[in-house]
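Next comes run_9.cif, with mmCIF, C-alpha atoms.
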```
data_coords
#
loop_
_atom_site.label_atom_id
_atom_site.label_comp_id
_atom_site.auth_asym_id
_atom_site.auth_seq_id
_atom_site.Cartn_x
_atom_site.Cartn_y
_atom_site.Cartn_z
CA MET A 1 35.71 19.00 55.25
CA ARG A 2 32.98 17.22 53.26
CA HIS A 3 33.51 17.09 49.49
CA ILE A 4 30.58 16.91 47.10
CA ARG A 5 31.18 14.72 44.04
CA TRP A 6 29.41 16.07 40.96
CA PRO A 7 28.84 13.80 37.92
CA LEU A 8 31.02 14.59 34.92
CA ALA A 9 27.99 14.85 32.64
CA ALA A 10 24.19 14.89 32.91
CA PHE A 11 21.52 14.10 30.31
CA VAL A 12 17.91 15.05 30.94
CA LEU A 13 15.12 13.76 28.61
CA THR A 14 11.52 14.89 28.84
CA LEU A 15 8.54 14.65 26.50
CA SER A 16 9.66 17.63 24.46
CA CYS A 17 13.05 18.80 25.76
CA LEU A 18 16.57 17.42 25.76
CA ILE A 19 19.54 18.88 27.70
CA VAL A 20 22.99 17.90 26.55
CA ALA A 21 25.75 19.73 28.43
CA ILE A 22 28.60 19.49 30.86
CA ALA A 23 26.99 19.99 34.26
CA ASP A 24 27.77 23.25 36.02
CA PRO A 25 26.61 23.59 39.65
CA PHE A 26 26.52 27.37 39.31
CA ASN A 27 24.45 27.50 36.09
CA THR A 28 20.76 26.95 35.46
CA PRO A 29 19.96 25.83 31.89
CA PRO A 30 17.56 27.84 29.71
CA ILE A 31 13.89 27.01 30.22
CA PHE A 32 11.26 26.86 27.46
CA VAL A 33 8.11 28.49 28.76
CA GLU A 34 4.64 27.04 28.13
CA PRO A 35 2.08 27.30 26.61
CA VAL A 36 4.40 26.32 23.75
CA GLY A 37 3.78 22.60 23.58
CA SER A 38 5.27 19.82 21.53
CA TYR A 39 2.33 19.69 19.05
CA ILE A 40 1.23 22.70 16.99
CA GLN A 41 -1.21 22.98 14.09
CA ALA A 42 -1.17 25.38 11.15
CA PHE A 43 -3.61 25.74 8.26
CA THR A 44 -3.06 26.18 4.53
CA GLU A 45 -3.64 29.61 2.98
CA THR A 46 -3.63 31.04 6.52
CA PRO A 47 -0.77 33.11 8.04
CA PHE A 48 0.98 31.17 10.78
CA GLN A 49 2.85 32.65 13.75
CA LEU A 50 4.33 31.04 16.81
CA ASP A 51 6.27 32.82 19.56
CA ILE A 52 9.08 30.88 21.17
CA GLU A 53 9.38 31.80 24.84
CA VAL A 54 12.57 30.86 26.62
CA GLU A 55 13.97 32.17 29.94
CA ASP A 56 17.30 32.05 31.69
CA VAL A 57 17.26 32.69 35.46
CA ASP A 58 20.97 33.48 35.35
CA HIS A 59 20.29 36.28 32.85
CA ASP A 60 22.76 34.82 30.39
CA VAL A 61 22.66 36.07 26.83
CA LEU A 62 20.88 33.30 24.89
CA LYS A 63 21.46 32.24 21.32
CA VAL A 64 18.22 30.72 20.01
CA THR A 65 18.20 28.91 16.66
CA ALA A 66 15.65 26.91 14.65
CA HIS A 67 16.45 23.85 12.55
CA ASN A 68 14.71 21.56 10.01
CA LEU A 69 12.43 24.36 8.82
CA PRO A 70 10.30 23.70 5.70
CA GLY A 71 10.65 26.21 2.88
CA TRP A 72 7.48 28.13 3.81
CA LEU A 73 8.53 28.69 7.43
CA THR A 74 10.95 31.38 8.71
CA PHE A 75 12.48 31.95 12.15
CA ASP A 76 13.26 35.45 13.47
CA PRO A 77 16.07 35.05 16.05
CA TYR A 78 15.52 38.54 17.45
CA LEU A 79 11.77 38.34 17.95
CA LEU A 80 12.04 34.59 18.69
CA GLN A 81 9.19 33.91 16.33
CA LEU A 82 8.31 31.31 13.70
CA TYR A 83 6.14 32.65 10.89
CA GLY A 84 4.98 31.79 7.38
CA ASN A 85 2.02 31.20 5.10
CA PRO A 86 1.70 27.50 4.11
CA GLN A 87 0.03 26.64 0.83
CA ARG A 88 -1.93 23.53 -0.21
CA LEU A 89 1.20 21.70 -1.31
CA ASP A 90 2.72 22.28 2.14
CA LYS A 91 0.12 20.09 3.86
CA GLY A 92 1.82 17.49 6.05
CA GLU A 93 3.73 16.98 9.28
CA TYR A 94 7.05 18.53 10.23
CA VAL A 95 9.39 18.22 13.19
CA ILE A 96 11.04 21.54 14.07
CA THR A 97 14.07 21.71 16.35
CA ILE A 98 14.57 24.80 18.55
CA LYS A 99 17.89 25.21 20.40
CA ALA A 100 18.61 27.67 23.22
CA ASP A 101 22.33 28.09 24.10
CA ASP A 102 23.47 30.10 27.14
CA GLY A 103 27.16 29.48 26.43
CA ARG A 104 27.42 26.52 28.73
CA VAL A 105 24.28 24.49 28.20
CA VAL A 106 22.21 23.83 25.08
CA ARG A 107 18.60 23.02 25.67
CA THR A 108 16.67 21.53 22.72
CA LYS A 109 12.93 21.49 22.13
CA MET A 110 11.24 19.39 19.45
CA ILE A 111 8.01 20.80 18.00
CA SER A 112 5.68 18.63 15.93
CA LEU A 113 3.98 20.93 13.43
CA GLU A 114 1.05 19.71 11.36
CA VAL A 115 -0.19 21.70 8.39
CA ALA A 116 -3.83 20.86 7.71
CA TYR A 117 -6.20 22.21 5.11
CA GLY A 118 -7.67 25.45 6.31
CA HIS A 119 -11.00 24.99 4.62
CA SER A 120 -13.91 22.56 4.54
CA VAL A 121 -14.20 19.46 2.37
CA LYS A 122 -16.83 21.29 0.33
CA GLN A 123 -14.43 24.15 -0.35
CA HIS A 124 -11.62 21.75 -1.15
CA LEU A 125 -13.76 19.76 -3.57
CA GLY A 126 -14.86 22.93 -5.36
CA GLU A 127 -11.40 24.45 -5.56
CA ALA A 128 -9.69 21.22 -6.61
CA PHE A 129 -12.31 20.29 -9.23
CA THR A 130 -12.35 23.75 -10.77
CA SER A 131 -8.56 23.97 -10.80
CA LEU A 132 -8.13 20.52 -12.36
CA TYR A 133 -10.78 21.29 -14.97
CA LYS A 134 -8.96 24.46 -16.02
CA GLU A 135 -5.54 22.82 -16.01
CA GLU A 136 -6.39 19.47 -17.61
CA THR A 137 -9.72 19.58 -19.46
CA SER A 138 -10.67 23.21 -20.07
CA SER A 139 -12.22 22.34 -23.44
CA LEU A 140 -14.50 19.72 -21.89
CA LEU A 141 -18.15 20.66 -22.43
CA GLY A 142 -19.28 20.10 -18.86
CA ALA A 143 -18.56 17.94 -15.82
CA SER A 144 -20.08 17.20 -12.44
CA ALA A 145 -18.61 15.64 -9.29
CA ALA A 146 -19.96 14.44 -5.96
CA ILE A 147 -18.30 13.10 -2.84
CA ILE A 148 -19.63 11.37 0.25
CA THR A 149 -17.40 11.83 3.28
CA PRO A 150 -16.73 9.33 6.08
CA ASP A 151 -19.54 10.86 8.14
CA GLY A 152 -22.00 10.39 5.28
CA SER A 153 -22.19 14.03 4.17
CA LEU A 154 -22.58 14.70 0.44
CA TYR A 155 -20.97 17.58 -1.44
CA THR A 156 -21.04 18.49 -5.12
CA SER A 157 -19.18 20.62 -7.62
CA THR A 158 -19.87 21.41 -11.28
CA VAL A 159 -18.06 23.09 -14.17
CA GLY A 160 -18.87 23.93 -17.77
CA ARG A 161 -22.04 23.76 -19.87
CA SER A 162 -24.94 21.34 -19.85
CA ASN A 163 -25.36 21.22 -23.65
CA PRO A 164 -23.58 22.32 -26.82
CA ARG A 165 -26.35 24.70 -27.94
CA ASN A 166 -26.07 27.49 -25.37
CA ASN A 167 -24.29 28.62 -22.24
CA GLU A 168 -26.59 26.97 -19.71
CA PRO A 169 -24.24 25.96 -16.87
CA VAL A 170 -24.13 22.48 -15.42
CA ASN A 171 -25.81 22.11 -12.02
CA PRO A 172 -25.78 19.16 -9.58
CA ASN A 173 -29.25 18.04 -10.73
CA HIS A 174 -28.24 17.41 -14.32
CA ARG A 175 -28.37 13.74 -15.26
CA TYR A 176 -25.88 11.77 -17.35
CA ARG A 177 -25.77 8.47 -19.12
CA ILE A 178 -23.58 6.58 -16.66
CA ALA A 179 -22.99 3.76 -19.16
CA SER A 180 -21.08 0.80 -17.69
CA VAL A 181 -21.28 2.12 -14.15
CA SER A 182 -24.70 0.45 -14.57
CA LYS A 183 -22.90 -2.90 -14.32
CA LEU A 184 -22.23 -2.23 -10.65
CA PHE A 185 -25.96 -1.69 -10.11
CA THR A 186 -26.74 -4.90 -12.00
CA SER A 187 -24.19 -6.88 -10.03
CA ALA A 188 -25.53 -5.59 -6.71
CA LEU A 189 -29.04 -6.60 -7.75
CA ILE A 190 -27.88 -10.11 -8.66
CA LEU A 191 -26.15 -10.44 -5.28
CA ARG A 192 -29.35 -9.36 -3.53
CA MET A 193 -31.16 -12.15 -5.39
CA VAL A 194 -28.49 -14.61 -4.23
CA GLU A 195 -29.06 -13.47 -0.63
CA GLU A 196 -32.77 -14.12 -1.07
CA GLY A 197 -32.06 -17.66 -2.28
CA ARG A 198 -33.46 -17.06 -5.76
CA LEU A 199 -30.28 -18.25 -7.47
CA GLN A 200 -26.61 -19.03 -6.83
CA LEU A 201 -23.53 -17.50 -8.41
CA ASP A 202 -22.33 -20.81 -9.85
CA ASP A 203 -25.69 -21.72 -11.32
CA LYS A 204 -25.78 -22.17 -15.07
CA LEU A 205 -27.46 -19.38 -17.02
CA TYR A 206 -29.10 -22.00 -19.23
CA ASP A 207 -31.06 -23.41 -16.28
CA TYR A 208 -32.96 -20.11 -16.01
CA LEU A 209 -32.57 -18.58 -19.45
CA PRO A 210 -31.95 -21.17 -22.15
CA ILE A 211 -30.47 -19.49 -25.24
CA GLU A 212 -30.07 -21.95 -28.05
CA ASN A 213 -26.91 -21.87 -30.17
CA LEU A 214 -25.04 -19.55 -27.78
CA PRO A 215 -21.47 -20.92 -27.80
CA PHE A 216 -20.93 -22.92 -24.58
CA GLY A 217 -24.38 -21.65 -23.59
CA LYS A 218 -25.09 -24.65 -21.35
CA GLU A 219 -21.82 -24.19 -19.43
CA VAL A 220 -21.75 -20.46 -18.75
CA THR A 221 -22.36 -19.54 -15.09
CA ILE A 222 -23.75 -16.39 -13.51
CA ARG A 223 -20.41 -15.74 -11.80
CA GLN A 224 -18.60 -15.92 -15.14
CA LEU A 225 -20.98 -13.45 -16.74
CA LEU A 226 -20.52 -11.04 -13.82
CA SER A 227 -16.72 -11.27 -14.03
CA HIS A 228 -16.37 -11.23 -17.86
CA THR A 229 -14.86 -14.72 -17.80
CA ALA A 230 -17.68 -16.43 -19.74
CA GLY A 231 -16.10 -15.91 -23.17
CA VAL A 232 -19.27 -14.31 -24.58
CA ILE A 233 -18.92 -11.89 -27.49
CA ASP A 234 -19.36 -8.13 -26.87
CA HIS A 235 -21.98 -6.83 -29.30
CA LEU A 236 -21.65 -3.16 -28.34
CA ASN A 237 -17.94 -3.14 -29.19
CA HIS A 238 -18.27 -5.21 -32.34
CA PRO A 239 -18.28 -3.22 -35.62
CA SER A 240 -20.74 -5.61 -37.25
CA PHE A 241 -23.43 -4.61 -34.78
CA TYR A 242 -23.66 -1.09 -36.19
CA ARG A 243 -25.07 -1.81 -39.61
CA GLY A 244 -28.32 -1.12 -41.35
CA ASN A 245 -30.76 1.15 -39.50
CA TRP A 246 -29.05 0.79 -36.11
CA GLU A 247 -29.49 4.50 -35.35
CA TYR A 248 -33.28 4.31 -35.55
CA ARG A 249 -34.35 0.80 -34.63
CA THR A 250 -35.21 -0.81 -31.31
CA TRP A 251 -33.81 -4.20 -30.36
CA LYS A 252 -35.47 -7.29 -28.94
CA PRO A 253 -33.60 -9.84 -26.80
CA SER A 254 -33.80 -12.26 -29.70
CA ASP A 255 -31.76 -9.80 -31.81
CA ILE A 256 -28.95 -9.82 -29.26
CA HIS A 257 -29.17 -13.61 -28.89
CA TYR A 258 -28.92 -14.07 -32.65
CA PHE A 259 -25.91 -11.76 -32.91
CA ALA A 260 -24.09 -13.56 -30.07
CA SER A 261 -24.93 -17.03 -31.38
CA ARG A 262 -23.48 -16.20 -34.80
CA ARG A 263 -20.06 -15.35 -33.30
CA ARG A 264 -17.63 -17.81 -31.82
CA ALA A 265 -16.86 -17.70 -28.11
CA ARG A 266 -13.67 -15.91 -27.25
CA PHE A 267 -12.59 -18.81 -25.05
CA LYS A 268 -14.05 -21.65 -23.04
CA PRO A 269 -15.97 -20.36 -19.99
CA GLY A 270 -13.67 -19.70 -17.05
CA GLN A 271 -10.49 -19.92 -19.14
CA GLY A 272 -9.90 -16.22 -19.81
CA TYR A 273 -11.09 -12.65 -19.41
CA ALA A 274 -12.78 -10.51 -22.07
CA TYR A 275 -15.04 -7.57 -21.32
CA SER A 276 -18.56 -8.32 -22.51
CA ASN A 277 -21.56 -6.01 -22.61
CA THR A 278 -23.49 -8.93 -24.06
CA GLY A 279 -22.88 -10.90 -20.87
CA PHE A 280 -24.46 -8.17 -18.76
CA TYR A 281 -27.31 -7.77 -21.22
CA LEU A 282 -28.08 -11.46 -20.58
CA LEU A 283 -27.89 -10.87 -16.82
CA GLY A 284 -30.60 -8.24 -17.20
CA GLU A 285 -32.78 -10.84 -18.90
CA LEU A 286 -31.98 -13.30 -16.10
CA ILE A 287 -33.20 -10.77 -13.51
CA GLU A 288 -36.46 -10.27 -15.38
CA LYS A 289 -37.01 -14.01 -15.75
CA VAL A 290 -36.34 -14.90 -12.09
CA LEU A 291 -38.19 -11.94 -10.58
CA ASP A 292 -40.96 -12.05 -13.18
CA LYS A 293 -40.95 -8.29 -13.67
CA PRO A 294 -39.38 -5.72 -16.02
CA LEU A 295 -35.79 -4.78 -15.26
CA ALA A 296 -36.79 -1.14 -14.69
CA GLU A 297 -39.12 -2.25 -11.85
CA ALA A 298 -36.47 -4.55 -10.39
CA TYR A 299 -33.94 -1.70 -10.21
CA LYS A 300 -36.55 0.49 -8.54
CA GLU A 301 -37.59 -2.11 -6.00
CA TYR A 302 -34.12 -3.30 -4.99
CA ILE A 303 -31.95 -0.20 -5.43
CA PHE A 304 -33.44 3.11 -6.57
CA GLU A 305 -36.29 3.48 -4.08
CA PRO A 306 -34.64 1.95 -0.96
CA LEU A 307 -31.64 4.25 -1.39
CA GLY A 308 -33.70 7.34 -2.28
CA LEU A 309 -32.13 7.70 -5.73
CA LYS A 310 -34.82 10.05 -7.03
CA GLN A 311 -32.82 11.26 -10.05
CA THR A 312 -31.86 7.80 -11.29
CA LEU A 313 -33.74 5.85 -13.94
CA TYR A 314 -33.38 2.93 -16.30
CA ASP A 315 -33.75 4.24 -19.83
CA THR A 316 -36.10 2.16 -21.97
CA PHE A 317 -37.93 5.04 -23.65
CA SER A 318 -35.75 7.91 -24.82
CA THR A 319 -35.52 8.78 -28.52
CA ARG A 320 -34.72 11.85 -30.57
CA GLN A 321 -38.32 12.91 -30.01
CA HIS A 322 -38.68 11.80 -26.37
CA HIS A 323 -35.92 13.27 -24.26
CA ILE A 324 -34.90 12.59 -20.68
CA ASP A 325 -35.73 15.36 -18.26
CA SER A 326 -32.66 17.24 -16.97
CA LEU A 327 -30.22 15.22 -19.09
CA ALA A 328 -26.97 17.06 -19.74
CA GLU A 329 -26.79 16.62 -23.48
CA ASN A 330 -24.26 16.35 -26.25
CA ALA A 331 -24.56 15.87 -30.00
CA ARG A 332 -24.87 12.09 -29.54
CA ALA A 333 -27.21 12.04 -26.54
CA TYR A 334 -29.91 10.10 -28.43
CA GLU A 335 -27.73 8.42 -31.01
CA TYR A 336 -29.40 5.01 -30.74
CA HIS A 337 -32.05 3.29 -28.63
CA GLN A 338 -30.95 1.91 -25.28
CA SER A 339 -32.76 -1.37 -25.92
CA ALA A 340 -29.41 -2.38 -27.42
CA VAL A 341 -27.65 -1.76 -24.11
CA GLY A 342 -29.93 -3.02 -21.35
CA ALA A 343 -28.41 -3.98 -18.01
CA ALA A 344 -24.92 -3.39 -19.41
CA GLY A 345 -25.27 0.40 -19.33
CA ALA A 346 -28.71 2.00 -19.80
CA ILE A 347 -28.99 3.68 -16.37
CA VAL A 348 -29.19 7.49 -16.23
CA SER A 349 -28.22 9.25 -13.00
CA THR A 350 -26.50 12.19 -11.32
CA PRO A 351 -23.11 12.02 -9.61
CA SER A 352 -24.94 12.63 -6.32
CA ASP A 353 -27.11 9.53 -6.77
CA MET A 354 -24.13 7.53 -8.03
CA ALA A 355 -22.23 8.47 -4.89
CA ARG A 356 -25.21 7.56 -2.68
CA PHE A 357 -25.39 4.17 -4.35
CA GLY A 358 -21.64 3.58 -3.96
CA HIS A 359 -21.65 4.66 -0.32
CA ALA A 360 -24.54 2.29 0.45
CA LEU A 361 -22.91 -0.59 -1.43
CA TYR A 362 -19.52 -0.30 0.24
CA THR A 363 -20.76 0.42 3.77
CA GLY A 364 -23.08 -2.58 4.06
CA GLN A 365 -26.39 -0.83 3.47
CA LEU A 366 -27.21 -2.59 0.20
CA VAL A 367 -25.65 -6.06 0.24
CA SER A 368 -24.23 -8.20 3.02
CA ASP A 369 -20.54 -8.26 3.86
CA THR A 370 -20.39 -11.80 2.47
CA SER A 371 -21.79 -10.59 -0.85
CA LEU A 372 -19.42 -7.62 -0.96
CA GLN A 373 -16.46 -9.91 -0.38
CA GLU A 374 -17.57 -11.98 -3.37
CA MET A 375 -17.81 -8.82 -5.48
CA VAL A 376 -14.25 -7.67 -4.70
CA LYS A 377 -12.51 -10.97 -5.46
CA ASP A 378 -10.08 -10.31 -8.32
CA ILE A 379 -11.34 -12.98 -10.71
CA GLY A 380 -10.31 -11.17 -13.89
CA ASN A 381 -6.65 -10.93 -12.99
CA SER A 382 -6.57 -14.56 -11.80
CA VAL A 383 -7.13 -15.65 -15.43
CA GLY A 384 -4.74 -13.10 -16.94
CA GLY A 385 -7.15 -10.21 -17.47
CA ASP A 386 -8.02 -6.89 -15.88
CA HIS A 387 -8.38 -6.47 -12.13
CA TYR A 388 -12.11 -7.19 -12.04
CA GLY A 389 -14.48 -8.76 -9.54
CA LEU A 390 -18.23 -9.21 -9.96
CA GLY A 391 -19.36 -6.16 -11.91
CA MET A 392 -16.59 -4.21 -10.21
CA ARG A 393 -13.26 -2.78 -11.30
CA LEU A 394 -10.39 -2.92 -8.80
CA TRP A 395 -7.62 -0.30 -8.93
CA ASP A 396 -4.36 0.58 -7.22
CA ASP A 397 -3.33 3.86 -8.83
CA ASN A 398 -0.86 6.34 -7.37
CA GLY A 399 -0.69 4.22 -4.24
CA ILE A 400 -4.43 4.57 -3.60
CA ILE A 401 -6.51 1.40 -3.54
CA HIS A 402 -10.02 2.02 -4.85
CA MET A 403 -12.86 0.16 -6.52
CA GLY A 404 -15.98 0.87 -8.53
CA HIS A 405 -16.62 1.14 -12.26
CA THR A 406 -16.10 3.30 -15.32
CA GLY A 407 -18.56 4.10 -18.09
CA ALA A 408 -18.34 5.34 -21.69
CA LEU A 409 -21.29 5.59 -24.06
CA MET A 410 -22.35 7.98 -26.84
CA GLY A 411 -19.89 10.67 -25.83
CA TYR A 412 -20.62 10.41 -22.09
CA ARG A 413 -18.07 9.41 -19.49
CA ALA A 414 -18.71 8.43 -15.87
CA ILE A 415 -16.88 6.84 -12.97
CA LEU A 416 -17.73 5.72 -9.45
CA MET A 417 -14.88 5.15 -6.97
CA TYR A 418 -14.74 4.05 -3.35
CA LEU A 419 -11.52 4.60 -1.38
CA PRO A 420 -11.63 2.12 1.54
CA GLU A 421 -8.60 3.55 3.35
CA TYR A 422 -10.40 6.89 3.69
CA ASP A 423 -14.03 5.67 3.58
CA VAL A 424 -14.70 8.19 0.82
CA THR A 425 -16.95 7.75 -2.23
CA ILE A 426 -16.38 9.85 -5.36
CA ALA A 427 -18.52 10.05 -8.50
CA LEU A 428 -17.88 12.04 -11.68
CA ALA A 429 -19.73 12.37 -14.97
CA THR A 430 -19.37 14.41 -18.14
CA ASN A 431 -21.41 14.96 -21.29
CA ASP A 432 -18.28 15.09 -23.43
CA ARG A 433 -15.13 13.22 -24.44
CA HIS A 434 -11.62 14.42 -23.64
CA TYR A 435 -8.28 12.66 -23.97
CA LYS A 436 -7.31 13.85 -20.48
CA TRP A 437 -10.52 12.77 -18.77
CA TYR A 438 -8.63 10.39 -16.50
CA ASP A 439 -6.21 13.15 -15.50
CA LEU A 440 -9.25 15.00 -14.17
CA VAL A 441 -10.55 11.84 -12.48
CA ASN A 442 -7.29 10.74 -10.90
CA GLY A 443 -6.36 14.28 -9.97
CA LEU A 444 -9.58 14.72 -8.01
CA MET A 445 -9.19 11.31 -6.39
CA MET A 446 -5.70 12.20 -5.16
CA GLU A 447 -6.82 15.62 -3.95
CA MET A 448 -9.64 14.13 -1.86
CA ALA A 449 -7.46 11.32 -0.53
CA ASP A 450 -4.85 13.91 0.42
CA TYR A 451 -7.51 15.90 2.27
CA TYR A 452 -8.19 12.96 4.57
CA ARG A 453 -4.59 11.85 5.07
#
```
Take the structure in the file and write it out as structure tokens.
Amino acid sequence: MRHIRWPLAAFVLTLSCLIVAIADPFNTPPIFVEPVGSYIQAFTETPFQLDIEVEDVDHDVLKVTAHNLPGWLTFDPYLLQLYGNPQRLDKGEYVITIKADDGRVVRTKMISLEVAYGHSVKQHLGEAFTSLYKEETSSLLGASAAIITPDGSLYTSTVGRSNPRNNEPVNPNHRYRIASVSKLFTSALILRMVEEGRLQLDDKLYDYLPIENLPFGKEVTIRQLLSHTAGVIDHLNHPSFYRGNWEYRTWKPSDIHYFASRRRARFKPGQGYAYSNTGFYLLGELIEKVLDKPLAEAYKEYIFEPLGLKQTLYDTFSTRQHHIDSLAENARAYEYHQSAVGAAGAIVSTPSDMARFGHALYTGQLVSDTSLQEMVKDIGNSVGGDHYGLGMRLWDDNGIIHMGHTGALMGYRAILMYLPEYDVTIALATNDRHYKWYDLVNGLMMEMADYYR
């Protein structure tokens, strides 16, 4: 008589199933029936249901169990069904284990379940921005946000009022003083001039724009001015600048030169970091001198018109009597003439145009990759200061690397951020001050980064 030798144990591993049992020649293990695959997708704010189909050809009574379930998901062992309603906070990936036991063999199936947002980026931006505004900055007068997605699509969201006088709501076409976000525009323009061979980053300012009596004026370089490592005083943040009839006068370059020359340098050029609006004011003069045209025309020619920024302008004209069309206002909207600010922060724009500019800058449509790499070098931190490149702030907040610039002027706040890991550009602006402004900013940044994770 021929004897058949059976193995003491058998282990079977497939893409999604694992059998662990003592082999029985008279038993067929349970079988998970397709179309249940190993990868399933659910959506937030949308009821989820998945039937688990398992058969046993021996007609054994099966005990089916589910393991590693997230809190929002339930398993019905009688209906053999997973069900639940995931919310926004449940977004992510889960691995669910389903076991079918016929009393002799346990078959295991691993299901990868991804919970994705069940709405569009436009819906997510609107919901997140409105929710954050109510939770963090509900007393803020008004705010506007724009995002450009990896495919280049632009979406906007607005909350609040466009002025303190009435209940006119903010709309995406309202303009804001974007303040020091202007420095990123100025820096990009300088880099374009470098690409054209009109100047070099390590050229001395004095060779183009000699300013007598400016401390270390013959040593200061263009790169140092762009990175706030020139040691130049900051007139806009110096209390002595706001004296006399400062609320009603206009300034000439010679006024700014005189103010800067009367104050000592903060340090020898290249030996430290100190934020300087004066330095960027001088860069605006440099642009005018080298290009032989007003700064407003230079911005138009190099940036505004090529990028189609139709709602962006360089403010050289506004006063209490001559307002800016579509400007979202506050009580300080025309507090003093922007001739004091110049290239350091006198640009007016919408979040949509800010986002278009940022998207073009960081995706190679405005400056070369070589120029962009120069802009993102962390010069400020290398000398003990802020993380700052050439007219560009560099951040790593909440584990999200991003870059761009902030702005604060006459009650306005603005920020432009690019998130390279997600290829997403975000711009926000408000016509008001609020101590939790950055909670709104960082909250929206994290929400949009989370959307693309």
key: Nearby residues (all atoms listed in the file) at most 12 Å from region 257-266 of chain A, same-chain spacing under 5 positions excluded, as a count of residues only   = 40
query = For Leu419 (chain A), which residue among A:Arg107, A:His387, A:His359, A:Lys377 is the nearest when counting only C-alpha atoms?
reply =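 When distances to Leu419 (chain A) are compared using only C-alpha atoms, the smallest one comes from A:His359.
Near Gly308 (chain A), within 12 Å and counting all atoms listed in the file, sit A:Lys300, A:Glu301, A:Tyr302, A:Ile303, A:Phe304, A:Thr312, A:Leu313, A:Ser352, A:Asp353, A:Met354, A:Ala355, A:Arg356, A:Phe357, A:Ala360; same-chain residues fewer than 4 positions away were not included.
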ask   = So which residues get picked by the PyMOL selection byres ((chain A and resi 133) around 12) here, written as a VMD selection string?
value = chain A and resid 125 to 132 134 to 145 157 to 160 430 434 436 to 444
Keeping C-alpha atoms, export the residues of the selection given above as a short mmCIF file (atom, residue, chain, number, x, y, z; two decimals), in the frame of the given file.
```cif
data_model
loop_
_atom_site.label_atom_id
_atom_site.label_comp_id
_atom_site.auth_asym_id
_atom_site.auth_seq_id
_atom_site.Cartn_x
_atom_site.Cartn_y
_atom_site.Cartn_z
CA LEU A 125 -13.76 19.76 -3.57
CA GLY A 126 -14.86 22.93 -5.36
CA GLU A 127 -11.40 24.45 -5.56
CA ALA A 128 -9.69 21.22 -6.61
CA PHE A 129 -12.31 20.29 -9.23
CA THR A 130 -12.35 23.75 -10.77
CA SER A 131 -8.56 23.97 -10.80
CA LEU A 132 -8.13 20.52 -12.36
CA LYS A 134 -8.96 24.46 -16.02
CA GLU A 135 -5.54 22.82 -16.01
CA GLU A 136 -6.39 19.47 -17.61
CA THR A 137 -9.72 19.58 -19.46
CA SER A 138 -10.67 23.21 -20.07
CA SER A 139 -12.22 22.34 -23.44
CA LEU A 140 -14.50 19.72 -21.89
CA LEU A 141 -18.15 20.66 -22.43
CA GLY A 142 -19.28 20.10 -18.86
CA ALA A 143 -18.56 17.94 -15.82
CA SER A 144 -20.08 17.20 -12.44
CA ALA A 145 -18.61 15.64 -9.29
CA SER A 157 -19.18 20.62 -7.62
CA THR A 158 -19.87 21.41 -11.28
CA VAL A 159 -18.06 23.09 -14.17
CA GLY A 160 -18.87 23.93 -17.77
CA THR A 430 -19.37 14.41 -18.14
CA HIS A 434 -11.62 14.42 -23.64
CA LYS A 436 -7.31 13.85 -20.48
CA TRP A 437 -10.52 12.77 -18.77
CA TYR A 438 -8.63 10.39 -16.50
CA ASP A 439 -6.21 13.15 -15.50
CA LEU A 440 -9.25 15.00 -14.17
CA VAL A 441 -10.55 11.84 -12.48
CA ASN A 442 -7.29 10.74 -10.90
CA GLY A 443 -6.36 14.28 -9.97
CA LEU A 444 -9.58 14.72 -8.01
#
```
message = Residues within 7 Å of region 223-226 of chain A, please, as number ranges by chain. Count only C-alpha atoms; anything in the same chain fewer than 4 positions from it doesn't count.
response = A: 187, 201-202, 230, 270, 279-280, 390-391
